[in-house]
Structure formats: structure tokens, C-alpha cells
file run_0.txt (compact mmCIF, N, CA, C and O atoms)
# COMPACT_ATOMS: atom_id res chain seq x y z
N MET R 225 5.49 -18.37 -242.42
CA MET R 225 5.33 -17.25 -243.32
C MET R 225 5.15 -17.78 -244.74
O MET R 225 5.99 -18.49 -245.25
N ARG R 226 4.06 -17.46 -245.36
CA ARG R 226 3.81 -17.83 -246.75
C ARG R 226 4.30 -16.72 -247.66
O ARG R 226 4.12 -15.54 -247.37
N LEU R 227 4.92 -17.11 -248.76
CA LEU R 227 5.44 -16.14 -249.72
C LEU R 227 4.51 -16.06 -250.92
O LEU R 227 3.96 -17.06 -251.35
N SER R 228 4.36 -14.84 -251.46
CA SER R 228 3.61 -14.70 -252.71
C SER R 228 4.47 -15.28 -253.83
O SER R 228 5.68 -15.46 -253.67
N GLU R 229 3.86 -15.54 -254.96
CA GLU R 229 4.61 -16.07 -256.09
C GLU R 229 5.71 -15.10 -256.52
O GLU R 229 6.83 -15.50 -256.82
N GLN R 230 5.40 -13.81 -256.50
CA GLN R 230 6.40 -12.79 -256.87
C GLN R 230 7.56 -12.78 -255.87
O GLN R 230 8.73 -12.75 -256.28
N GLU R 231 7.26 -12.82 -254.56
CA GLU R 231 8.31 -12.84 -253.55
C GLU R 231 9.17 -14.09 -253.69
O GLU R 231 10.39 -14.04 -253.59
N PHE R 232 8.52 -15.23 -253.94
CA PHE R 232 9.24 -16.48 -254.11
C PHE R 232 10.19 -16.39 -255.31
O PHE R 232 11.35 -16.76 -255.22
N THR R 233 9.70 -15.88 -256.43
CA THR R 233 10.52 -15.74 -257.63
C THR R 233 11.69 -14.81 -257.37
O THR R 233 12.82 -15.08 -257.78
N GLN R 234 11.45 -13.71 -256.67
CA GLN R 234 12.52 -12.77 -256.37
C GLN R 234 13.58 -13.41 -255.49
O GLN R 234 14.77 -13.24 -255.72
N LEU R 235 13.16 -14.15 -254.48
CA LEU R 235 14.13 -14.81 -253.61
C LEU R 235 14.86 -15.93 -254.34
O LEU R 235 16.05 -16.11 -254.17
N LYS R 236 14.13 -16.66 -255.18
CA LYS R 236 14.72 -17.77 -255.91
C LYS R 236 15.81 -17.28 -256.86
O LYS R 236 16.87 -17.88 -256.97
N THR R 237 15.55 -16.18 -257.53
CA THR R 237 16.50 -15.67 -258.50
C THR R 237 17.52 -14.72 -257.89
O THR R 237 18.52 -14.40 -258.53
N GLY R 238 17.26 -14.27 -256.68
CA GLY R 238 18.17 -13.31 -256.05
C GLY R 238 18.00 -11.91 -256.59
O GLY R 238 18.79 -11.02 -256.29
N LYS R 239 16.97 -11.69 -257.42
CA LYS R 239 16.74 -10.37 -258.02
C LYS R 239 15.64 -9.65 -257.26
O LYS R 239 14.47 -10.02 -257.35
N ARG R 240 16.03 -8.67 -256.52
CA ARG R 240 15.08 -7.87 -255.75
C ARG R 240 15.35 -6.41 -256.08
O ARG R 240 16.14 -5.77 -255.40
N PRO R 241 14.74 -5.89 -257.12
CA PRO R 241 15.04 -4.53 -257.55
C PRO R 241 14.78 -3.51 -256.44
O PRO R 241 13.76 -3.57 -255.77
N ASN R 242 15.75 -2.61 -256.27
CA ASN R 242 15.64 -1.52 -255.30
C ASN R 242 15.37 -2.01 -253.88
O ASN R 242 14.70 -1.34 -253.11
N MET R 243 15.86 -3.18 -253.55
CA MET R 243 15.64 -3.73 -252.22
C MET R 243 16.96 -4.20 -251.63
O MET R 243 17.91 -4.48 -252.35
N LYS R 244 16.98 -4.31 -250.32
CA LYS R 244 18.14 -4.85 -249.63
C LYS R 244 18.28 -6.32 -249.98
O LYS R 244 17.31 -6.98 -250.34
N PRO R 245 19.49 -6.88 -249.81
CA PRO R 245 19.65 -8.33 -250.02
C PRO R 245 18.72 -9.09 -249.07
O PRO R 245 18.39 -8.60 -247.99
N PRO R 246 18.31 -10.29 -249.46
CA PRO R 246 17.39 -11.04 -248.60
C PRO R 246 18.03 -11.41 -247.27
O PRO R 246 19.23 -11.67 -247.19
N LYS R 247 17.20 -11.43 -246.24
CA LYS R 247 17.65 -11.87 -244.92
C LYS R 247 17.75 -13.39 -244.91
O LYS R 247 17.09 -14.07 -245.71
N GLU R 248 18.52 -13.92 -243.99
CA GLU R 248 18.65 -15.37 -243.89
C GLU R 248 17.30 -16.02 -243.67
O GLU R 248 17.00 -17.07 -244.25
N SER R 249 16.46 -15.42 -242.85
CA SER R 249 15.14 -15.99 -242.58
C SER R 249 14.27 -16.04 -243.84
O SER R 249 13.49 -16.97 -244.03
N GLU R 250 14.42 -15.06 -244.73
CA GLU R 250 13.66 -15.05 -245.98
C GLU R 250 14.16 -16.15 -246.92
O GLU R 250 13.35 -16.83 -247.56
N ILE R 251 15.46 -16.31 -246.98
CA ILE R 251 16.04 -17.37 -247.81
C ILE R 251 15.58 -18.73 -247.29
O ILE R 251 15.18 -19.61 -248.04
N GLN R 252 15.62 -18.88 -245.97
CA GLN R 252 15.21 -20.13 -245.34
C GLN R 252 13.75 -20.45 -245.65
O GLN R 252 13.41 -21.60 -245.98
N SER R 253 12.87 -19.46 -245.58
CA SER R 253 11.46 -19.67 -245.89
C SER R 253 11.27 -20.11 -247.33
O SER R 253 10.48 -21.01 -247.63
N ALA R 254 11.98 -19.47 -248.24
CA ALA R 254 11.87 -19.82 -249.66
C ALA R 254 12.35 -21.25 -249.90
O ALA R 254 11.73 -22.00 -250.66
N ILE R 255 13.44 -21.63 -249.25
CA ILE R 255 13.97 -23.00 -249.39
C ILE R 255 12.98 -24.01 -248.84
O ILE R 255 12.69 -25.04 -249.48
N ARG R 256 12.43 -23.74 -247.66
CA ARG R 256 11.43 -24.66 -247.08
C ARG R 256 10.24 -24.82 -248.01
O ARG R 256 9.77 -25.93 -248.25
N GLU R 257 9.72 -23.70 -248.53
CA GLU R 257 8.57 -23.74 -249.43
C GLU R 257 8.91 -24.54 -250.68
O GLU R 257 8.13 -25.39 -251.11
N TYR R 258 10.05 -24.29 -251.29
CA TYR R 258 10.45 -25.00 -252.51
C TYR R 258 10.51 -26.51 -252.26
O TYR R 258 9.95 -27.29 -253.03
N LEU R 259 11.21 -26.89 -251.19
CA LEU R 259 11.35 -28.32 -250.92
C LEU R 259 10.00 -28.98 -250.62
O LEU R 259 9.73 -30.09 -251.10
N ARG R 260 9.15 -28.31 -249.87
CA ARG R 260 7.83 -28.86 -249.58
C ARG R 260 7.00 -29.00 -250.85
O ARG R 260 6.29 -29.98 -251.02
N TRP R 261 7.09 -28.04 -251.75
CA TRP R 261 6.38 -28.12 -253.03
C TRP R 261 6.87 -29.30 -253.85
O TRP R 261 6.16 -29.79 -254.72
N HIS R 262 8.09 -29.73 -253.59
CA HIS R 262 8.67 -30.84 -254.34
C HIS R 262 8.69 -32.14 -253.54
O HIS R 262 9.48 -33.03 -253.81
N GLY R 263 7.80 -32.25 -252.56
CA GLY R 263 7.58 -33.51 -251.87
C GLY R 263 8.48 -33.83 -250.69
O GLY R 263 8.43 -34.94 -250.18
N TRP R 264 9.31 -32.89 -250.28
CA TRP R 264 10.19 -33.13 -249.13
C TRP R 264 9.45 -32.82 -247.84
O TRP R 264 8.65 -31.90 -247.76
N PHE R 265 9.73 -33.60 -246.81
CA PHE R 265 9.30 -33.30 -245.44
C PHE R 265 10.44 -32.48 -244.85
O PHE R 265 11.58 -32.94 -244.79
N VAL R 266 10.15 -31.24 -244.45
CA VAL R 266 11.19 -30.32 -244.00
C VAL R 266 10.90 -29.88 -242.57
O VAL R 266 9.79 -29.46 -242.26
N VAL R 267 11.92 -29.97 -241.73
CA VAL R 267 11.81 -29.56 -240.33
C VAL R 267 12.77 -28.41 -240.09
O VAL R 267 13.95 -28.49 -240.44
N LYS R 268 12.25 -27.34 -239.51
CA LYS R 268 13.09 -26.22 -239.08
C LYS R 268 13.63 -26.57 -237.71
O LYS R 268 12.89 -26.90 -236.80
N ILE R 269 14.95 -26.54 -237.57
CA ILE R 269 15.59 -26.87 -236.30
C ILE R 269 15.74 -25.59 -235.48
O ILE R 269 16.34 -24.62 -235.95
N HIS R 270 15.20 -25.60 -234.28
CA HIS R 270 15.31 -24.44 -233.39
C HIS R 270 16.41 -24.71 -232.37
O HIS R 270 16.36 -25.71 -231.65
N GLN R 271 17.37 -23.83 -232.34
CA GLN R 271 18.48 -23.94 -231.39
C GLN R 271 17.94 -23.61 -229.99
O GLN R 271 17.25 -22.62 -229.82
N SER R 272 18.23 -24.45 -229.03
CA SER R 272 17.77 -24.20 -227.66
C SER R 272 18.75 -24.86 -226.69
O SER R 272 19.69 -25.54 -227.10
N LEU R 273 18.50 -24.64 -225.43
CA LEU R 273 19.34 -25.23 -224.39
C LEU R 273 19.35 -26.75 -224.57
O LEU R 273 18.31 -27.38 -224.69
N GLY R 274 20.52 -27.33 -224.66
CA GLY R 274 20.64 -28.76 -224.83
C GLY R 274 20.78 -29.20 -226.29
O GLY R 274 21.01 -30.38 -226.55
N SER R 275 20.63 -28.26 -227.23
CA SER R 275 20.80 -28.60 -228.64
C SER R 275 22.27 -28.86 -228.95
O SER R 275 23.16 -28.39 -228.27
N VAL R 276 22.50 -29.58 -230.01
CA VAL R 276 23.86 -29.80 -230.50
C VAL R 276 24.34 -28.46 -231.06
O VAL R 276 23.67 -27.86 -231.90
N LYS R 277 25.49 -28.00 -230.60
CA LYS R 277 26.01 -26.73 -231.08
C LYS R 277 26.32 -26.84 -232.56
O LYS R 277 26.90 -27.81 -233.02
N GLY R 278 25.89 -25.83 -233.32
CA GLY R 278 26.17 -25.80 -234.74
C GLY R 278 25.22 -26.59 -235.61
O GLY R 278 25.43 -26.70 -236.81
N ILE R 279 24.15 -27.16 -235.01
CA ILE R 279 23.20 -27.96 -235.79
C ILE R 279 22.64 -27.13 -236.95
O ILE R 279 22.46 -25.92 -236.84
N ALA R 280 22.39 -27.78 -238.06
CA ALA R 280 21.90 -27.10 -239.27
C ALA R 280 20.52 -26.50 -239.05
O ALA R 280 19.78 -26.91 -238.15
N ASP R 281 20.16 -25.54 -239.89
CA ASP R 281 18.87 -24.86 -239.79
C ASP R 281 17.70 -25.74 -240.18
O ASP R 281 16.62 -25.65 -239.60
N LEU R 282 17.90 -26.58 -241.20
CA LEU R 282 16.81 -27.39 -241.74
C LEU R 282 17.24 -28.85 -241.87
O LEU R 282 18.41 -29.14 -242.15
N TYR R 283 16.27 -29.73 -241.69
CA TYR R 283 16.47 -31.16 -241.95
C TYR R 283 15.39 -31.54 -242.96
O TYR R 283 14.21 -31.27 -242.75
N ALA R 284 15.79 -32.16 -244.07
CA ALA R 284 14.85 -32.52 -245.12
C ALA R 284 14.88 -34.03 -245.36
O ALA R 284 15.96 -34.64 -245.35
N LEU R 285 13.71 -34.63 -245.61
CA LEU R 285 13.58 -36.06 -245.79
C LEU R 285 12.60 -36.35 -246.93
O LEU R 285 11.51 -35.77 -246.99
N LYS R 286 13.01 -37.23 -247.84
CA LYS R 286 12.12 -37.64 -248.95
C LYS R 286 12.55 -39.02 -249.43
O LYS R 286 13.72 -39.24 -249.74
N ASN R 287 11.59 -39.93 -249.48
CA ASN R 287 11.84 -41.28 -249.99
C ASN R 287 13.06 -41.94 -249.33
O ASN R 287 13.86 -42.58 -250.00
N GLY R 288 13.20 -41.75 -248.03
CA GLY R 288 14.31 -42.37 -247.30
C GLY R 288 15.63 -41.63 -247.42
O GLY R 288 16.62 -42.05 -246.82
N ARG R 289 15.67 -40.56 -248.19
CA ARG R 289 16.89 -39.76 -248.33
C ARG R 289 16.76 -38.54 -247.43
O ARG R 289 15.67 -37.98 -247.30
N SER R 290 17.86 -38.14 -246.84
CA SER R 290 17.80 -36.99 -245.95
C SER R 290 18.99 -36.06 -246.19
O SER R 290 20.02 -36.47 -246.74
N ALA R 291 18.81 -34.81 -245.75
CA ALA R 291 19.87 -33.82 -245.89
C ALA R 291 19.75 -32.79 -244.77
O ALA R 291 18.64 -32.42 -244.37
N TRP R 292 20.88 -32.37 -244.28
CA TRP R 292 20.98 -31.27 -243.33
C TRP R 292 21.34 -30.03 -244.13
O TRP R 292 22.27 -30.06 -244.94
N ILE R 293 20.60 -28.94 -243.92
CA ILE R 293 20.80 -27.73 -244.72
C ILE R 293 21.05 -26.54 -243.80
O ILE R 293 20.21 -26.19 -242.98
N GLU R 294 22.21 -25.94 -243.94
CA GLU R 294 22.55 -24.70 -243.23
C GLU R 294 22.30 -23.55 -244.20
O GLU R 294 22.85 -23.53 -245.30
N VAL R 295 21.45 -22.62 -243.81
CA VAL R 295 21.09 -21.50 -244.67
C VAL R 295 21.94 -20.29 -244.31
O VAL R 295 22.06 -19.95 -243.13
N LYS R 296 22.51 -19.68 -245.32
CA LYS R 296 23.36 -18.50 -245.13
C LYS R 296 23.01 -17.45 -246.18
O LYS R 296 22.54 -17.77 -247.27
N THR R 297 23.28 -16.20 -245.84
CA THR R 297 23.18 -15.13 -246.82
C THR R 297 24.37 -15.27 -247.77
O THR R 297 25.30 -16.03 -247.48
N PRO R 298 24.38 -14.54 -248.88
CA PRO R 298 25.51 -14.66 -249.81
C PRO R 298 26.88 -14.42 -249.17
O PRO R 298 27.86 -15.02 -249.58
N LYS R 299 26.93 -13.60 -248.15
CA LYS R 299 28.22 -13.32 -247.50
C LYS R 299 28.42 -14.09 -246.20
O LYS R 299 29.47 -14.00 -245.58
N GLY R 300 27.41 -14.86 -245.78
CA GLY R 300 27.48 -15.57 -244.51
C GLY R 300 28.51 -16.69 -244.51
O GLY R 300 28.79 -17.30 -245.54
N ARG R 301 29.08 -16.93 -243.34
CA ARG R 301 30.10 -17.98 -243.18
C ARG R 301 29.69 -18.92 -242.05
O ARG R 301 29.01 -18.53 -241.12
N LEU R 302 30.17 -20.16 -242.13
CA LEU R 302 29.90 -21.12 -241.06
C LEU R 302 30.73 -20.77 -239.83
O LEU R 302 31.90 -20.39 -239.95
N SER R 303 30.12 -20.95 -238.68
CA SER R 303 30.85 -20.78 -237.42
C SER R 303 31.71 -22.03 -237.18
O SER R 303 31.55 -23.05 -237.87
N GLU R 304 32.57 -21.96 -236.19
CA GLU R 304 33.40 -23.12 -235.85
C GLU R 304 32.53 -24.32 -235.49
O GLU R 304 32.80 -25.44 -235.92
N HIS R 305 31.48 -24.09 -234.71
CA HIS R 305 30.59 -25.19 -234.32
C HIS R 305 29.83 -25.75 -235.52
O HIS R 305 29.60 -26.96 -235.61
N GLN R 306 29.45 -24.90 -236.46
CA GLN R 306 28.78 -25.37 -237.67
C GLN R 306 29.72 -26.20 -238.54
O GLN R 306 29.31 -27.19 -239.13
N GLU R 307 30.98 -25.80 -238.60
CA GLU R 307 31.99 -26.59 -239.34
C GLU R 307 32.11 -27.98 -238.73
O GLU R 307 32.17 -28.99 -239.45
N LEU R 308 32.16 -28.05 -237.40
CA LEU R 308 32.28 -29.34 -236.71
C LEU R 308 31.04 -30.21 -236.93
O LEU R 308 31.16 -31.42 -237.14
N PHE R 309 29.86 -29.59 -236.89
CA PHE R 309 28.63 -30.34 -237.14
C PHE R 309 28.65 -30.90 -238.56
O PHE R 309 28.31 -32.07 -238.79
N ARG R 310 29.05 -30.08 -239.54
CA ARG R 310 29.15 -30.54 -240.93
C ARG R 310 30.08 -31.74 -241.03
O ARG R 310 29.75 -32.75 -241.67
N GLU R 311 31.24 -31.67 -240.39
CA GLU R 311 32.20 -32.78 -240.41
C GLU R 311 31.58 -34.05 -239.83
O GLU R 311 31.76 -35.14 -240.38
N ASP R 312 30.86 -33.91 -238.70
CA ASP R 312 30.22 -35.08 -238.08
C ASP R 312 29.21 -35.72 -239.03
O ASP R 312 29.17 -36.95 -239.17
N VAL R 313 28.37 -34.90 -239.66
CA VAL R 313 27.36 -35.43 -240.58
C VAL R 313 28.03 -36.17 -241.74
O VAL R 313 27.68 -37.31 -242.06
N VAL R 314 29.01 -35.53 -242.36
CA VAL R 314 29.69 -36.12 -243.52
C VAL R 314 30.44 -37.38 -243.12
O VAL R 314 30.40 -38.39 -243.83
N ASN R 315 31.11 -37.36 -241.96
CA ASN R 315 31.86 -38.54 -241.50
C ASN R 315 30.95 -39.72 -241.19
O ASN R 315 31.41 -40.86 -241.18
N HIS R 316 29.68 -39.45 -240.94
CA HIS R 316 28.71 -40.52 -240.68
C HIS R 316 27.92 -40.87 -241.94
O HIS R 316 26.89 -41.56 -241.86
N GLY R 317 28.36 -40.39 -243.09
CA GLY R 317 27.73 -40.74 -244.35
C GLY R 317 26.51 -39.92 -244.71
O GLY R 317 25.78 -40.28 -245.63
N GLY R 318 26.29 -38.82 -243.99
CA GLY R 318 25.13 -37.99 -244.27
C GLY R 318 25.39 -36.93 -245.33
O GLY R 318 26.52 -36.72 -245.76
N VAL R 319 24.31 -36.27 -245.73
CA VAL R 319 24.38 -35.18 -246.70
C VAL R 319 24.21 -33.87 -245.95
O VAL R 319 23.26 -33.70 -245.18
N TYR R 320 25.14 -32.96 -246.17
CA TYR R 320 25.12 -31.64 -245.53
C TYR R 320 25.39 -30.62 -246.62
O TYR R 320 26.26 -30.82 -247.46
N MET R 321 24.64 -29.54 -246.61
CA MET R 321 24.91 -28.50 -247.59
C MET R 321 24.67 -27.12 -247.01
O MET R 321 23.88 -26.96 -246.08
N VAL R 322 25.40 -26.17 -247.53
CA VAL R 322 25.17 -24.77 -247.22
C VAL R 322 24.38 -24.22 -248.40
O VAL R 322 24.79 -24.36 -249.55
N ALA R 323 23.22 -23.63 -248.11
CA ALA R 323 22.36 -23.09 -249.16
C ALA R 323 22.23 -21.59 -248.98
O ALA R 323 21.93 -21.11 -247.88
N ARG R 324 22.44 -20.88 -250.05
CA ARG R 324 22.33 -19.42 -250.05
C ARG R 324 21.14 -18.94 -250.89
O ARG R 324 20.83 -17.77 -250.91
N SER R 325 20.49 -19.90 -251.56
CA SER R 325 19.30 -19.60 -252.37
C SER R 325 18.59 -20.93 -252.67
O SER R 325 19.13 -22.01 -252.42
N VAL R 326 17.42 -20.82 -253.24
CA VAL R 326 16.66 -22.01 -253.64
C VAL R 326 17.45 -22.82 -254.66
O VAL R 326 17.43 -24.05 -254.64
N ASP R 327 18.17 -22.14 -255.53
CA ASP R 327 18.94 -22.85 -256.56
C ASP R 327 19.90 -23.86 -255.95
O ASP R 327 20.17 -24.89 -256.56
N ASP R 328 20.42 -23.58 -254.77
CA ASP R 328 21.38 -24.47 -254.13
C ASP R 328 20.77 -25.80 -253.70
O ASP R 328 21.49 -26.79 -253.55
N VAL R 329 19.46 -25.86 -253.48
CA VAL R 329 18.84 -27.11 -253.04
C VAL R 329 18.17 -27.89 -254.17
O VAL R 329 17.71 -29.00 -253.96
N LYS R 330 18.16 -27.33 -255.36
CA LYS R 330 17.52 -28.02 -256.48
C LYS R 330 18.19 -29.35 -256.79
O LYS R 330 17.54 -30.28 -257.24
N ASN R 331 19.48 -29.47 -256.53
CA ASN R 331 20.19 -30.71 -256.84
C ASN R 331 19.95 -31.80 -255.79
O ASN R 331 20.45 -32.89 -255.94
N LEU R 332 19.19 -31.52 -254.75
CA LEU R 332 18.89 -32.57 -253.77
C LEU R 332 18.12 -33.72 -254.40
O LEU R 332 18.19 -34.84 -253.92
N GLU R 333 17.39 -33.47 -255.47
CA GLU R 333 16.63 -34.52 -256.14
C GLU R 333 17.54 -35.61 -256.68
O GLU R 333 17.13 -36.74 -256.83
N VAL R 334 18.78 -35.27 -256.99
CA VAL R 334 19.69 -36.25 -257.59
C VAL R 334 20.73 -36.77 -256.62
O VAL R 334 21.50 -37.65 -256.95
N VAL R 335 20.76 -36.24 -255.39
CA VAL R 335 21.75 -36.68 -254.41
C VAL R 335 21.39 -38.08 -253.95
O VAL R 335 20.25 -38.36 -253.58
N LYS R 336 22.35 -38.97 -253.98
CA LYS R 336 22.15 -40.34 -253.50
C LYS R 336 22.56 -40.38 -252.03
O LYS R 336 23.69 -40.09 -251.68
N CYS R 337 21.61 -40.70 -251.19
CA CYS R 337 21.87 -40.78 -249.75
C CYS R 337 22.01 -42.21 -249.31
O CYS R 337 21.51 -43.10 -249.88

call {"tool": "encode", "arguments": {"input": "run_0.txt", "output": "C-alpha cells"}}
result
Amino acid sequence: MRLSEQEFTQLKTGKRPNMKPPKESEIQSAIREYLRWHGWFVVKIHQSLGSVKGIADLYALKNGRSAWIEVKTPKGRLSEHQELFREDVVNHGGVYMVARSVDDVKNLEVVKC
């Protein structure tokens, strides 16, 4: 799904006049678009039979640095399996983040992996 510049700006800022809060899928699309525009290779992880329970929604890679990104709405919470996946990633020296908007992933440029 491609976003218009206006839709992207609205999702990025969280300002959607007279509209419902953004859906998780809309936030995820905006984050993917933002990261791709900034040179990241981004993979959407599809949960399926045999997948690791709680695996993050997105995997991003740039210049040898990588990050696992779980996308949530402003009120969304991690499930027990997502908490365990986060612990596994961090315990193995990886970068894991919960992103609720594009603003949350802007600091990936400075994260040392």
C-alpha cells in the first residue's frame, strides 16, 4: 500500500483531524515507507505455521546494522510471546524496539548495532 504525502504526514505526526486513530497496519506501512526512503532494507514478517511465536512485525537492515520492530497502536501492548521474543533478541545483542509512529524509528540512524 502506497501512502500519499498527506496521509504519510498525518500518520507521521499522529494528527488525523476528524478521523479514528490509525490502525496498526497503517502505522506499519508508514514506518516501512519511512525506513525505505532512508535507505533501509525492510522485511515484513508474516506469522505462519512454524514461525517463532511473538516474532516482530518488521526486520530492518542498513549498512550491516539491523533492528527488529514491533508495531503497536498508541494503546497496544506486547503479548507474553512478544515479550519473550524481545528478551531473546536483546540477550543476543540485537536491537528491538516497539514503534507506535514513524517518530519512534527515526533514532535507528544513530543506534549502534

call {"tool": "atom_distance", "arguments": {"input": "run_0.txt", "atom1": "CA of Arg310 in chain R", "atom2": "CA of His270 in chain R"}}
result
16.9 Å

call {"tool": "atom_distance", "arguments": {"input": "run_0.txt", "atom1": "atom N of Ala323 in chain R", "atom2": "atom O of Val295 in chain R"}}
result
6.3 Å

call {"tool": "residues_around", "arguments": {"input": "run_0.txt", "residues": "Val267 in chain R", "least_positions_apart": "3", "cutoff": "12 Å", "atoms": "only C-alpha atoms", "output": "list of chain:residue names"}}
result
R:Gln252, R:Ser253, R:Ile255, R:Arg256, R:Glu257, R:Leu259, R:Arg260, R:Trp264, R:His270, R:Ala280, R:Asp281, R:Leu282, R:Tyr283, R:Ala284, R:Leu285, R:Lys286, R:Ser290, R:Ala291, R:Trp292, R:Ile293

call {"tool": "atom_distance", "arguments": {"input": "run_0.txt", "atom1": "atom O of Lys299 in chain R", "atom2": "CA of Phe265 in chain R"}}
result
27.9 Å

call {"tool": "select_by_dssp", "arguments": {"input": "run_0.txt", "residues": "range 239-327 of chain R", "states": "strand (DSSP E)", "output": "list in words"}}
result
Phe265, Val266, Val267, Lys268, Leu282, Tyr283, Ala284, Leu285, Lys286, Arg289, Ser290, Ala291, Trp292, Ile293, Glu294, Val295, Tyr320, Met321, Val322 and Ala323 of chain R

call {"tool": "closest_residue", "arguments": {"input": "run_0.txt", "among": "R:Gly278, R:Pro246, R:Ser228, R:Asn287", "to": "Leu308 in chain R", "atoms": "all atoms listed in the file"}}
result
R:Gly278

call {"tool": "closest_residue", "arguments": {"input": "run_0.txt", "among": "R:Pro245, R:Lys296, R:Gln230, R:His262", "to": "Val322 in chain R", "atoms": "all atoms listed in the file"}}
result
R:Lys296

call {"tool": "closest_residue", "arguments": {"input": "run_0.txt", "among": "R:Ser303, R:Glu294, R:Thr233, R:Ile269", "to": "Tyr320 in chain R", "atoms": "only C-alpha atoms"}}
result
R:Glu294

call {"tool": "closest_residue", "arguments": {"input": "run_0.txt", "among": "R:Arg324, R:Ser275, R:Ser249, R:Gly318", "to": "Leu302 in chain R", "atoms": "only C-alpha atoms"}}
result
R:Arg324

call {"tool": "select_by_dssp", "arguments": {"input": "run_0.txt", "residues": "chain R", "states": "alpha helix (DSSP H)", "output": "number ranges by chain"}}
result
R: 229-237, 248-261, 304-315

call {"tool": "closest_residue", "arguments": {"input": "run_0.txt", "among": "R:Ile251, R:Gly274, R:Val319, R:Asn331", "to": "Gln234 in chain R", "atoms": "only C-alpha atoms"}}
result
R:Ile251
